[in-house]
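Structure file upload.cif (mmCIF, C-alpha atoms) follows.
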data_upload
#
loop_
_atom_site.group_PDB
_atom_site.id
_atom_site.type_symbol
_atom_site.label_atom_id
_atom_site.label_comp_id
_atom_site.auth_asym_id
_atom_site.auth_seq_id
_atom_site.Cartn_x
_atom_site.Cartn_y
_atom_site.Cartn_z
ATOM 1 C CA MET A 307 103.019 127.819 75.246
ATOM 2 C CA SER A 308 103.280 129.995 78.330
ATOM 3 C CA THR A 309 106.368 129.939 80.533
ATOM 4 C CA ALA A 310 104.343 128.483 83.415
ATOM 5 C CA VAL A 311 103.054 125.575 81.332
ATOM 6 C CA ARG A 312 106.507 124.930 79.835
ATOM 7 C CA ASN A 313 108.097 124.969 83.294
ATOM 8 C CA TYR A 314 105.442 122.617 84.595
ATOM 9 C CA ALA A 315 106.042 120.237 81.673
ATOM 10 C CA VAL A 316 109.818 120.282 82.188
ATOM 11 C CA VAL A 317 109.521 119.746 85.946
ATOM 12 C CA THR A 318 106.994 116.955 85.427
ATOM 13 C CA LEU A 319 109.238 115.196 82.899
ATOM 14 C CA ALA A 320 112.163 115.466 85.321
ATOM 15 C CA TYR A 321 109.977 114.082 88.107
ATOM 16 C CA TRP A 322 108.835 111.208 85.906
ATOM 17 C CA ALA A 323 112.440 110.364 84.993
ATOM 18 C CA ASP A 324 113.437 110.428 88.655
ATOM 19 C CA THR A 325 110.402 108.323 89.629
ATOM 20 C CA LEU A 326 111.274 105.750 86.981
ATOM 21 C CA ALA A 327 114.890 105.709 88.153
ATOM 22 C CA ASP A 328 113.881 105.537 91.811
ATOM 23 C CA GLY A 329 111.652 102.512 91.253
ATOM 24 C CA ALA A 330 114.284 100.795 89.117
ATOM 25 C CA ILE A 331 117.123 101.300 91.586
ATOM 26 C CA ARG A 332 115.022 100.030 94.458
ATOM 27 C CA MET A 333 114.343 96.769 92.613
ATOM 28 C CA LEU A 334 117.947 96.501 91.507
ATOM 29 C CA VAL A 335 119.195 96.846 95.064
ATOM 30 C CA LEU A 336 116.533 94.539 96.469
ATOM 31 C CA PHE A 337 117.062 91.678 94.023
ATOM 32 C CA TYR A 338 120.805 92.061 93.610
ATOM 33 C CA PHE A 339 121.516 91.800 97.307
ATOM 34 C CA TYR A 340 119.037 88.977 97.638
ATOM 35 C CA GLN A 341 120.950 87.155 94.878
ATOM 36 C CA LEU A 342 124.169 87.736 96.811
ATOM 37 C CA GLY A 343 122.700 85.829 99.735
ATOM 38 C CA TYR A 344 121.764 88.685 102.056
ATOM 39 C CA ASN A 345 119.057 87.691 104.511
ATOM 40 C CA ALA A 346 115.673 89.405 104.702
ATOM 41 C CA PHE A 347 116.703 91.662 107.594
ATOM 42 C CA GLN A 348 119.836 92.851 105.762
ATOM 43 C CA VAL A 349 117.886 93.534 102.577
ATOM 44 C CA ALA A 350 115.203 95.438 104.503
ATOM 45 C CA SER A 351 117.928 97.431 106.270
ATOM 46 C CA LEU A 352 119.170 98.697 102.921
ATOM 47 C CA PHE A 353 116.010 100.812 102.650
ATOM 48 C CA LEU A 354 115.772 102.023 106.243
ATOM 49 C CA PHE A 355 117.713 105.250 105.629
ATOM 50 C CA TYR A 356 115.911 105.757 102.308
ATOM 51 C CA GLU A 357 112.658 106.219 104.200
ATOM 52 C CA LEU A 358 114.132 108.017 107.211
ATOM 53 C CA PHE A 359 115.966 110.614 105.152
ATOM 54 C CA GLY A 360 112.892 111.053 102.954
ATOM 55 C CA VAL A 361 110.936 112.073 106.057
ATOM 56 C CA ILE A 362 113.686 114.471 107.141
ATOM 57 C CA THR A 363 113.819 115.958 103.650
ATOM 58 C CA ASN A 364 110.074 116.549 103.669
ATOM 59 C CA LEU A 365 110.361 118.324 107.008
ATOM 60 C CA CYS A 366 113.142 120.604 105.708
ATOM 61 C CA GLY A 367 111.959 120.853 102.104
ATOM 62 C CA GLY A 368 109.717 123.864 102.547
ATOM 63 C CA TYR A 369 112.569 125.851 104.040
ATOM 64 C CA LEU A 370 114.900 124.838 101.199
ATOM 65 C CA ALA A 371 112.333 125.751 98.542
ATOM 66 C CA ALA A 372 111.612 129.127 100.176
ATOM 67 C CA ARG A 373 115.317 129.877 100.535
ATOM 68 C CA PHE A 374 116.645 128.615 97.202
ATOM 69 C CA GLY A 375 113.598 128.259 94.927
ATOM 70 C CA LEU A 376 111.931 125.265 93.363
ATOM 71 C CA LYS A 377 114.316 125.161 90.421
ATOM 72 C CA SER A 378 117.224 124.767 92.824
ATOM 73 C CA THR A 379 115.512 122.035 94.818
ATOM 74 C CA LEU A 380 114.730 120.171 91.591
ATOM 75 C CA PHE A 381 118.380 120.375 90.553
ATOM 76 C CA MET A 382 119.483 119.345 94.065
ATOM 77 C CA GLY A 383 117.161 116.354 93.877
ATOM 78 C CA LEU A 384 118.331 115.173 90.473
ATOM 79 C CA GLY A 385 121.976 115.859 91.331
ATOM 80 C CA THR A 386 121.699 113.954 94.597
ATOM 81 C CA GLN A 387 120.141 111.031 92.753
ATOM 82 C CA LEU A 388 123.133 111.015 90.405
ATOM 83 C CA VAL A 389 125.514 110.912 93.378
ATOM 84 C CA ALA A 390 123.553 108.008 94.896
ATOM 85 C CA LEU A 391 123.663 106.107 91.614
ATOM 86 C CA ALA A 392 127.364 106.851 91.105
ATOM 87 C CA MET A 393 128.077 105.445 94.565
ATOM 88 C CA LEU A 394 126.599 102.133 93.456
ATOM 89 C CA ALA A 395 127.996 102.126 89.924
ATOM 90 C CA LEU A 396 131.573 103.039 90.802
ATOM 91 C CA MET A 397 132.067 100.711 93.769
ATOM 92 C CA PRO A 398 133.211 97.196 92.838
ATOM 93 C CA PRO A 399 130.354 94.821 93.708
ATOM 94 C CA ALA A 400 132.550 92.819 96.078
ATOM 95 C CA LEU A 401 133.026 95.949 98.225
ATOM 96 C CA LEU A 402 129.364 96.914 98.492
ATOM 97 C CA THR A 403 128.456 96.585 102.160
ATOM 98 C CA VAL A 404 125.115 97.018 103.885
ATOM 99 C CA ALA A 405 126.251 100.311 105.476
ATOM 100 C CA TYR A 406 127.546 101.673 102.160
ATOM 101 C CA VAL A 407 124.336 100.828 100.314
ATOM 102 C CA MET A 408 122.288 102.282 103.181
ATOM 103 C CA ALA A 409 124.176 105.568 102.716
ATOM 104 C CA SER A 410 123.513 105.485 98.983
ATOM 105 C CA GLN A 411 119.843 104.792 99.598
ATOM 106 C CA ALA A 412 119.683 107.659 102.105
ATOM 107 C CA LEU A 413 120.812 110.008 99.325
ATOM 108 C CA SER A 414 118.281 108.438 96.989
ATOM 109 C CA GLY A 415 115.495 109.099 99.522
ATOM 110 C CA ILE A 416 116.594 112.727 99.815
ATOM 111 C CA ALA A 417 116.707 113.037 96.030
ATOM 112 C CA LYS A 418 113.270 111.551 95.562
ATOM 113 C CA ASP A 419 111.633 113.896 98.022
ATOM 114 C CA LEU A 420 113.387 117.041 96.785
ATOM 115 C CA THR A 421 112.304 116.240 93.249
ATOM 116 C CA LYS A 422 108.769 115.340 94.361
ATOM 117 C CA MET A 423 108.433 118.564 96.346
ATOM 118 C CA SER A 424 109.530 120.628 93.363
ATOM 119 C CA SER A 425 107.137 118.966 90.971
ATOM 120 C CA LYS A 426 104.112 119.040 93.254
ATOM 121 C CA SER A 427 104.777 122.696 94.002
ATOM 122 C CA ALA A 428 105.073 123.431 90.282
ATOM 123 C CA VAL A 429 101.465 122.282 89.889
ATOM 124 C CA LYS A 430 100.462 125.636 91.378
ATOM 125 C CA LEU A 431 101.976 127.308 88.292
ATOM 126 C CA VAL A 432 99.322 125.869 86.009
ATOM 127 C CA ALA A 433 96.438 125.157 88.381
ATOM 128 C CA GLY A 434 96.011 128.757 89.448
ATOM 129 C CA ASP A 435 93.924 129.667 92.459
ATOM 130 C CA GLY A 436 91.013 127.303 91.917
ATOM 131 C CA GLU A 437 91.167 124.689 94.651
ATOM 132 C CA GLY A 438 89.325 122.075 92.577
ATOM 133 C CA ARG A 439 91.743 122.501 89.686
ATOM 134 C CA LEU A 440 94.718 122.203 92.036
ATOM 135 C CA TYR A 441 93.409 118.909 93.427
ATOM 136 C CA ARG A 442 92.830 117.521 89.937
ATOM 137 C CA TRP A 443 96.365 118.446 88.823
ATOM 138 C CA VAL A 444 97.925 116.960 91.967
ATOM 139 C CA ALA A 445 95.843 113.798 91.535
ATOM 140 C CA LEU A 446 97.001 113.495 87.929
ATOM 141 C CA LEU A 447 100.636 113.981 88.916
ATOM 142 C CA THR A 448 100.396 111.539 91.822
ATOM 143 C CA GLY A 449 98.638 108.926 89.705
ATOM 144 C CA SER A 450 101.238 109.178 86.976
ATOM 145 C CA LYS A 451 103.987 108.915 89.601
ATOM 146 C CA ASN A 452 102.504 105.728 91.011
ATOM 147 C CA ALA A 453 102.219 104.172 87.554
ATOM 148 C CA LEU A 454 105.772 105.135 86.645
ATOM 149 C CA LYS A 455 107.142 103.758 89.906
ATOM 150 C CA GLY A 456 105.599 100.406 88.937
ATOM 151 C CA VAL A 457 107.188 100.651 85.495
ATOM 152 C CA GLY A 458 110.473 101.456 87.248
ATOM 153 C CA PHE A 459 110.141 98.330 89.417
ATOM 154 C CA PHE A 460 109.690 96.257 86.269
ATOM 155 C CA LEU A 461 112.509 98.050 84.448
ATOM 156 C CA GLY A 462 114.974 97.520 87.296
ATOM 157 C CA SER A 463 114.134 93.830 87.468
ATOM 158 C CA VAL A 464 114.461 93.362 83.717
ATOM 159 C CA LEU A 465 117.730 95.288 83.541
ATOM 160 C CA LEU A 466 119.227 93.230 86.362
ATOM 161 C CA SER A 467 118.203 90.019 84.600
ATOM 162 C CA TRP A 468 119.518 91.085 81.223
ATOM 163 C CA ILE A 469 122.659 93.136 81.824
ATOM 164 C CA GLY A 470 123.616 92.900 85.482
ATOM 165 C CA PHE A 471 123.797 95.311 88.375
ATOM 166 C CA GLN A 472 126.433 97.902 87.498
ATOM 167 C CA SER A 473 125.470 98.278 83.831
ATOM 168 C CA SER A 474 121.861 98.738 84.919
ATOM 169 C CA VAL A 475 122.835 101.442 87.406
ATOM 170 C CA TRP A 476 124.726 103.287 84.667
ATOM 171 C CA ILE A 477 121.677 103.201 82.388
ATOM 172 C CA ILE A 478 119.468 104.553 85.165
ATOM 173 C CA ALA A 479 122.037 107.269 85.901
ATOM 174 C CA ALA A 480 121.972 108.245 82.218
ATOM 175 C CA VAL A 481 118.181 108.715 82.402
ATOM 176 C CA VAL A 482 118.519 110.993 85.446
ATOM 177 C CA ALA A 483 121.412 112.906 83.857
ATOM 178 C CA LEU A 484 119.342 113.471 80.723
ATOM 179 C CA ALA A 485 116.446 114.771 82.838
ATOM 180 C CA LEU A 486 118.805 117.135 84.639
ATOM 181 C CA LEU A 487 120.227 118.379 81.335
ATOM 182 C CA VAL A 488 116.762 118.961 79.855
ATOM 183 C CA ALA A 489 115.674 120.816 82.994
ATOM 184 C CA ALA A 490 118.825 122.950 82.940
ATOM 185 C CA ILE A 491 118.231 123.904 79.309
ATOM 186 C CA PHE A 492 114.477 124.481 79.292
ATOM 187 C CA LEU A 493 113.444 125.508 82.818
ATOM 188 C CA ARG A 494 112.965 129.251 83.159
ATOM 189 C CA GLY A 495 112.698 131.365 86.269
ATOM 190 C CA GLY A 496 113.176 130.342 89.906
#
Can you present the structure in this file as structure tokens?
Amino acid sequence: MSTAVRNYAVVTLAYWADTLADGAIRMLVLFYFYQLGYNAFQVASLFLFYELFGVITNLCGGYLAARFGLKSTLFMGLGTQLVALAMLALMPPALLTVAYVMASQALSGIAKDLTKMSSKSAVKLVAGDGEGRLYRWVALLTGSKNALKGVGFFLGSVLLSWIGFQSSVWIIAAVVALALLVAAIFLRGG
């Protein structure tokens, strides 16, 4: 297996793990705070910074990738996701406020888009210069991401029902940490 194909596989697996975690944490936050009695506006507010900081990250992402490399932006994305998850897992549930969760979700939005940028850029490693091939690879990656996000939504809901909020967040964090470890071990080059 060539280095380019191996790197693409590692980056894609990391992206899939982060996509699964991202979908799961969004459902966990949504349903958990709904269960706590938060109204619809408060629950919607929890995701406002997630989207806003995702947009900002996309605007700055090209600069970060050019300056630090795609490997670094992948690691920044996965690491930031771990920080966001740790914020939720380490805080006693009684102290979780709307503002605190909004900050955590802002980091999660940053993490998602850094990881997404790295993986979609890595497609170029295996697609080569053929424009048709590039579109097919991006379509495959995007389709798999959408499917995994749905699986993540289901996973987050099931975990919340079965083991509760904080234990679920720890499990999701373990998935992201494993993806980061695998990427650190097997990803070659910049």
Counting only C-alpha atoms, which residues of stretch 403-493 of chain A fall within 8 Å of stretch 324-329 of chain A, and what is the closest atom pair for each with its distance in Å at one decimal, ordered by chain and rising number, as CSV?
residue,atom,partner,partner_atom,distance
A:Ser414,CA,A:Asp328,CA,7.4
A:Lys418,CA,A:Asp324,CA,7.0
A:Thr421,CA,A:Asp324,CA,7.5
A:Lys451,CA,A:Thr325,CA,6.4
A:Leu454,CA,A:Leu326,CA,5.5
A:Lys455,CA,A:Gly329,CA,4.9
A:Gly456,CA,A:Gly329,CA,6.8
A:Val457,CA,A:Leu326,CA,6.7
A:Gly458,CA,A:Gly329,CA,4.3
A:Phe459,CA,A:Gly329,CA,4.8
A:Gly462,CA,A:Gly329,CA,7.2
A:Ile478,CA,A:Ala327,CA,5.6
A:Ala479,CA,A:Ala327,CA,7.7
A:Val481,CA,A:Ala327,CA,7.3
A:Val482,CA,A:Asp324,CA,6.0
A:Ala485,CA,A:Asp324,CA,7.9
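Shortest atom-to-atom contact with A:Leu365 among A:Val317, A:Met423, A:Leu391, A:Met333: A:Met423, counting all atoms listed in the file.
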Counting only C-alpha atoms, which of A:Ile416, A:Val349, A:Phe337, A:Ser378 gets nearest to A:Val361?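 Among the listed residues, A:Ile416 lies closest to A:Val361.
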Result set, the PyMOL selection byres ((chain A and resi 370-375) around 10) on current file, as a ChimeraX atom specification: /A:363-369,376-380,420,423-424,427,495-496
Any chance you could resolve the PyMOL selection byres ((chain A and resi 484) around 12) against this file and give the residues as a PDB file with C-alpha atoms, in the coordinates of the input?
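selection.pdb, freshly written:
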ATOM      1  CA  VAL A 316     109.818 120.282  82.188  1.00  0.00           C
ATOM      2  CA  LEU A 319     109.238 115.196  82.899  1.00  0.00           C
ATOM      3  CA  ALA A 320     112.163 115.466  85.321  1.00  0.00           C
ATOM      4  CA  TYR A 321     109.977 114.082  88.107  1.00  0.00           C
ATOM      5  CA  TRP A 322     108.835 111.208  85.906  1.00  0.00           C
ATOM      6  CA  ALA A 323     112.440 110.364  84.993  1.00  0.00           C
ATOM      7  CA  ASP A 324     113.437 110.428  88.655  1.00  0.00           C
ATOM      8  CA  ALA A 327     114.890 105.709  88.153  1.00  0.00           C
ATOM      9  CA  LEU A 384     118.331 115.173  90.473  1.00  0.00           C
ATOM     10  CA  GLY A 385     121.976 115.859  91.331  1.00  0.00           C
ATOM     11  CA  LEU A 388     123.133 111.015  90.405  1.00  0.00           C
ATOM     12  CA  ILE A 477     121.677 103.201  82.388  1.00  0.00           C
ATOM     13  CA  ILE A 478     119.468 104.553  85.165  1.00  0.00           C
ATOM     14  CA  ALA A 479     122.037 107.269  85.901  1.00  0.00           C
ATOM     15  CA  ALA A 480     121.972 108.245  82.218  1.00  0.00           C
ATOM     16  CA  VAL A 481     118.181 108.715  82.402  1.00  0.00           C
ATOM     17  CA  VAL A 482     118.519 110.993  85.446  1.00  0.00           C
ATOM     18  CA  ALA A 483     121.412 112.906  83.857  1.00  0.00           C
ATOM     19  CA  ALA A 485     116.446 114.771  82.838  1.00  0.00           C
ATOM     20  CA  LEU A 486     118.805 117.135  84.639  1.00  0.00           C
ATOM     21  CA  LEU A 487     120.227 118.379  81.335  1.00  0.00           C
ATOM     22  CA  VAL A 488     116.762 118.961  79.855  1.00  0.00           C
ATOM     23  CA  ALA A 489     115.674 120.816  82.994  1.00  0.00           C
ATOM     24  CA  ALA A 490     118.825 122.950  82.940  1.00  0.00           C
ATOM     25  CA  ILE A 491     118.231 123.904  79.309  1.00  0.00           C
TER      26      ILE A 491
END
Point (120.5, 96.9, 81.7) neighbourhood (12 Å, all atoms listed in the file) written as a list in words: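 Those residues lying close to the given coordinates are Ala330, Ile331, Leu334, Phe460, Leu461, Gly462, Ser463, Val464, Leu465, Leu466, Ser467, Trp468, Ile469, Gly470, Phe471, Gln472, Ser473, Ser474, Val475, Trp476, Ile477, Ile478, Ala479 and Ala480 of chain A.
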Contacts of stretch 399-406 of chain A within 12 Å, only C-alpha atoms, excl. fewer than 6 positions in-chain, as a ChimeraX atom specification: /A:335-336,338-340,342,344-345,347-355,390,393,412-413,470-473,475
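In this model, the gap between atom CA of A:Leu493 and atom CA of A:Val429 comes to 14.3 Å.
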Which centre and edge lengths in Å to one decimal define the box along x, y and z that fits every listed atom of stretch 364-373 of chain A plus 5 Å per side, as JSON?
{"center_x": 112.5, "center_y": 123.2, "center_z": 102.8, "size_x": 15.6, "size_y": 23.3, "size_z": 18.5}
Quick check, in Å to one decimal: how far apart do atom CA of A:Ser410 and atom CA of A:Ala315 lie?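 Between atom CA of A:Ser410 and atom CA of A:Ala315 the gap is 28.7 Å.
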Could I get stretch 464-494 of chain A from the block written as a PDB file, in the first residue's frame, with N, CA, C and O atoms?
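The result, stored in out23.pdb:
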ATOM      1  N   VAL A 464     -29.025   6.324  22.170  1.00  0.00           N
ATOM      2  CA  VAL A 464     -29.016   5.035  22.864  1.00  0.00           C
ATOM      3  C   VAL A 464     -28.130   5.096  24.107  1.00  0.00           C
ATOM      4  O   VAL A 464     -28.525   4.633  25.186  1.00  0.00           O
ATOM      5  N   LEU A 465     -26.948   5.680  23.965  1.00  0.00           N
ATOM      6  CA  LEU A 465     -26.056   5.784  25.123  1.00  0.00           C
ATOM      7  C   LEU A 465     -26.695   6.579  26.249  1.00  0.00           C
ATOM      8  O   LEU A 465     -26.608   6.193  27.424  1.00  0.00           O
ATOM      9  N   LEU A 466     -27.333   7.673  25.929  1.00  0.00           N
ATOM     10  CA  LEU A 466     -27.996   8.484  26.961  1.00  0.00           C
ATOM     11  C   LEU A 466     -29.073   7.667  27.656  1.00  0.00           C
ATOM     12  O   LEU A 466     -29.186   7.706  28.891  1.00  0.00           O
ATOM     13  N   SER A 467     -29.833   6.908  26.896  1.00  0.00           N
ATOM     14  CA  SER A 467     -30.900   6.083  27.479  1.00  0.00           C
ATOM     15  C   SER A 467     -30.342   4.974  28.360  1.00  0.00           C
ATOM     16  O   SER A 467     -30.931   4.649  29.390  1.00  0.00           O
ATOM     17  N   TRP A 468     -29.255   4.387  27.952  1.00  0.00           N
ATOM     18  CA  TRP A 468     -28.732   3.224  28.661  1.00  0.00           C
ATOM     19  C   TRP A 468     -27.795   3.552  29.811  1.00  0.00           C
ATOM     20  O   TRP A 468     -27.862   2.908  30.850  1.00  0.00           O
ATOM     21  N   ILE A 469     -26.900   4.530  29.622  1.00  0.00           N
ATOM     22  CA  ILE A 469     -25.871   4.722  30.664  1.00  0.00           C
ATOM     23  C   ILE A 469     -25.760   6.150  31.185  1.00  0.00           C
ATOM     24  O   ILE A 469     -24.923   6.430  32.042  1.00  0.00           O
ATOM     25  N   GLY A 470     -26.544   7.052  30.682  1.00  0.00           N
ATOM     26  CA  GLY A 470     -26.531   8.413  31.204  1.00  0.00           C
ATOM     27  C   GLY A 470     -25.544   9.310  30.473  1.00  0.00           C
ATOM     28  O   GLY A 470     -24.746   8.878  29.648  1.00  0.00           O
ATOM     29  N   PHE A 471     -25.622  10.590  30.823  1.00  0.00           N
ATOM     30  CA  PHE A 471     -24.901  11.626  30.094  1.00  0.00           C
ATOM     31  C   PHE A 471     -23.385  11.523  30.230  1.00  0.00           C
ATOM     32  O   PHE A 471     -22.667  11.394  29.239  1.00  0.00           O
ATOM     33  N   GLN A 472     -22.875  11.599  31.447  1.00  0.00           N
ATOM     34  CA  GLN A 472     -21.413  11.679  31.599  1.00  0.00           C
ATOM     35  C   GLN A 472     -20.702  10.405  31.150  1.00  0.00           C
ATOM     36  O   GLN A 472     -19.658  10.481  30.504  1.00  0.00           O
ATOM     37  N   SER A 473     -21.247   9.249  31.458  1.00  0.00           N
ATOM     38  CA  SER A 473     -20.626   7.999  31.001  1.00  0.00           C
ATOM     39  C   SER A 473     -20.609   7.937  29.477  1.00  0.00           C
ATOM     40  O   SER A 473     -19.623   7.486  28.876  1.00  0.00           O
ATOM     41  N   SER A 474     -21.678   8.413  28.851  1.00  0.00           N
ATOM     42  CA  SER A 474     -21.738   8.440  27.396  1.00  0.00           C
ATOM     43  C   SER A 474     -20.666   9.354  26.811  1.00  0.00           C
ATOM     44  O   SER A 474     -20.015   9.012  25.826  1.00  0.00           O
ATOM     45  N   VAL A 475     -20.488  10.518  27.428  1.00  0.00           N
ATOM     46  CA  VAL A 475     -19.470  11.456  26.944  1.00  0.00           C
ATOM     47  C   VAL A 475     -18.085  10.830  27.053  1.00  0.00           C
ATOM     48  O   VAL A 475     -17.256  10.977  26.150  1.00  0.00           O
ATOM     49  N   TRP A 476     -17.826  10.106  28.129  1.00  0.00           N
ATOM     50  CA  TRP A 476     -16.524   9.446  28.276  1.00  0.00           C
ATOM     51  C   TRP A 476     -16.299   8.404  27.187  1.00  0.00           C
ATOM     52  O   TRP A 476     -15.195   8.276  26.654  1.00  0.00           O
ATOM     53  N   ILE A 477     -17.334   7.654  26.849  1.00  0.00           N
ATOM     54  CA  ILE A 477     -17.205   6.645  25.788  1.00  0.00           C
ATOM     55  C   ILE A 477     -16.904   7.325  24.449  1.00  0.00           C
ATOM     56  O   ILE A 477     -16.030   6.889  23.688  1.00  0.00           O
ATOM     57  N   ILE A 478     -17.607   8.392  24.158  1.00  0.00           N
ATOM     58  CA  ILE A 478     -17.369   9.127  22.919  1.00  0.00           C
ATOM     59  C   ILE A 478     -15.957   9.700  22.899  1.00  0.00           C
ATOM     60  O   ILE A 478     -15.263   9.649  21.877  1.00  0.00           O
ATOM     61  N   ALA A 479     -15.508  10.223  24.031  1.00  0.00           N
ATOM     62  CA  ALA A 479     -14.139  10.750  24.125  1.00  0.00           C
ATOM     63  C   ALA A 479     -13.116   9.644  23.873  1.00  0.00           C
ATOM     64  O   ALA A 479     -12.080   9.877  23.236  1.00  0.00           O
ATOM     65  N   ALA A 480     -13.394   8.440  24.344  1.00  0.00           N
ATOM     66  CA  ALA A 480     -12.481   7.318  24.117  1.00  0.00           C
ATOM     67  C   ALA A 480     -12.371   6.995  22.628  1.00  0.00           C
ATOM     68  O   ALA A 480     -11.277   6.692  22.129  1.00  0.00           O
ATOM     69  N   VAL A 481     -13.473   7.091  21.896  1.00  0.00           N
ATOM     70  CA  VAL A 481     -13.455   6.850  20.448  1.00  0.00           C
ATOM     71  C   VAL A 481     -12.568   7.881  19.754  1.00  0.00           C
ATOM     72  O   VAL A 481     -11.731   7.549  18.901  1.00  0.00           O
ATOM     73  N   VAL A 482     -12.731   9.153  20.127  1.00  0.00           N
ATOM     74  CA  VAL A 482     -11.921  10.220  19.517  1.00  0.00           C
ATOM     75  C   VAL A 482     -10.454  10.064  19.901  1.00  0.00           C
ATOM     76  O   VAL A 482      -9.563  10.224  19.062  1.00  0.00           O
ATOM     77  N   ALA A 483     -10.186   9.720  21.160  1.00  0.00           N
ATOM     78  CA  ALA A 483      -8.803   9.525  21.602  1.00  0.00           C
ATOM     79  C   ALA A 483      -8.145   8.375  20.853  1.00  0.00           C
ATOM     80  O   ALA A 483      -6.970   8.463  20.466  1.00  0.00           O
ATOM     81  N   LEU A 484      -8.887   7.311  20.620  1.00  0.00           N
ATOM     82  CA  LEU A 484      -8.356   6.181  19.856  1.00  0.00           C
ATOM     83  C   LEU A 484      -8.042   6.607  18.420  1.00  0.00           C
ATOM     84  O   LEU A 484      -6.991   6.245  17.880  1.00  0.00           O
ATOM     85  N   ALA A 485      -8.923   7.387  17.820  1.00  0.00           N
ATOM     86  CA  ALA A 485      -8.671   7.884  16.457  1.00  0.00           C
ATOM     87  C   ALA A 485      -7.424   8.752  16.419  1.00  0.00           C
ATOM     88  O   ALA A 485      -6.611   8.649  15.492  1.00  0.00           O
ATOM     89  N   LEU A 486      -7.252   9.596  17.415  1.00  0.00           N
ATOM     90  CA  LEU A 486      -6.067  10.445  17.484  1.00  0.00           C
ATOM     91  C   LEU A 486      -4.806   9.607  17.651  1.00  0.00           C
ATOM     92  O   LEU A 486      -3.788   9.854  16.992  1.00  0.00           O
ATOM     93  N   LEU A 487      -4.864   8.594  18.479  1.00  0.00           N
ATOM     94  CA  LEU A 487      -3.714   7.705  18.685  1.00  0.00           C
ATOM     95  C   LEU A 487      -3.355   6.961  17.402  1.00  0.00           C
ATOM     96  O   LEU A 487      -2.178   6.894  17.014  1.00  0.00           O
ATOM     97  N   VAL A 488      -4.357   6.419  16.722  1.00  0.00           N
ATOM     98  CA  VAL A 488      -4.109   5.702  15.466  1.00  0.00           C
ATOM     99  C   VAL A 488      -3.498   6.644  14.432  1.00  0.00           C
ATOM    100  O   VAL A 488      -2.542   6.296  13.741  1.00  0.00           O
ATOM    101  N   ALA A 489      -4.035   7.855  14.337  1.00  0.00           N
ATOM    102  CA  ALA A 489      -3.492   8.827  13.383  1.00  0.00           C
ATOM    103  C   ALA A 489      -2.049   9.185  13.743  1.00  0.00           C
ATOM    104  O   ALA A 489      -1.201   9.298  12.853  1.00  0.00           O
ATOM    105  N   ALA A 490      -1.773   9.347  15.012  1.00  0.00           N
ATOM    106  CA  ALA A 490      -0.412   9.704  15.440  1.00  0.00           C
ATOM    107  C   ALA A 490       0.581   8.587  15.113  1.00  0.00           C
ATOM    108  O   ALA A 490       1.730   8.850  14.760  1.00  0.00           O
ATOM    109  N   ILE A 491       0.135   7.358  15.198  1.00  0.00           N
ATOM    110  CA  ILE A 491       1.025   6.219  14.950  1.00  0.00           C
ATOM    111  C   ILE A 491       1.229   5.976  13.449  1.00  0.00           C
ATOM    112  O   ILE A 491       2.347   5.740  13.001  1.00  0.00           O
ATOM    113  N   PHE A 492       0.150   6.044  12.676  1.00  0.00           N
ATOM    114  CA  PHE A 492       0.206   5.580  11.297  1.00  0.00           C
ATOM    115  C   PHE A 492       0.288   6.662  10.215  1.00  0.00           C
ATOM    116  O   PHE A 492       0.597   6.362   9.079  1.00  0.00           O
ATOM    117  N   LEU A 493      -0.007   7.904  10.560  1.00  0.00           N
ATOM    118  CA  LEU A 493       0.008   8.961   9.542  1.00  0.00           C
ATOM    119  C   LEU A 493       1.438   9.387   9.270  1.00  0.00           C
ATOM    120  O   LEU A 493       2.199   9.690  10.187  1.00  0.00           O
ATOM    121  N   ARG A 494       1.797   9.427   8.012  1.00  0.00           N
ATOM    122  CA  ARG A 494       3.162   9.782   7.610  1.00  0.00           C
ATOM    123  C   ARG A 494       3.150  11.077   6.820  1.00  0.00           C
ATOM    124  O   ARG A 494       2.222  11.372   6.081  1.00  0.00           O
TER     125      ARG A 494
END
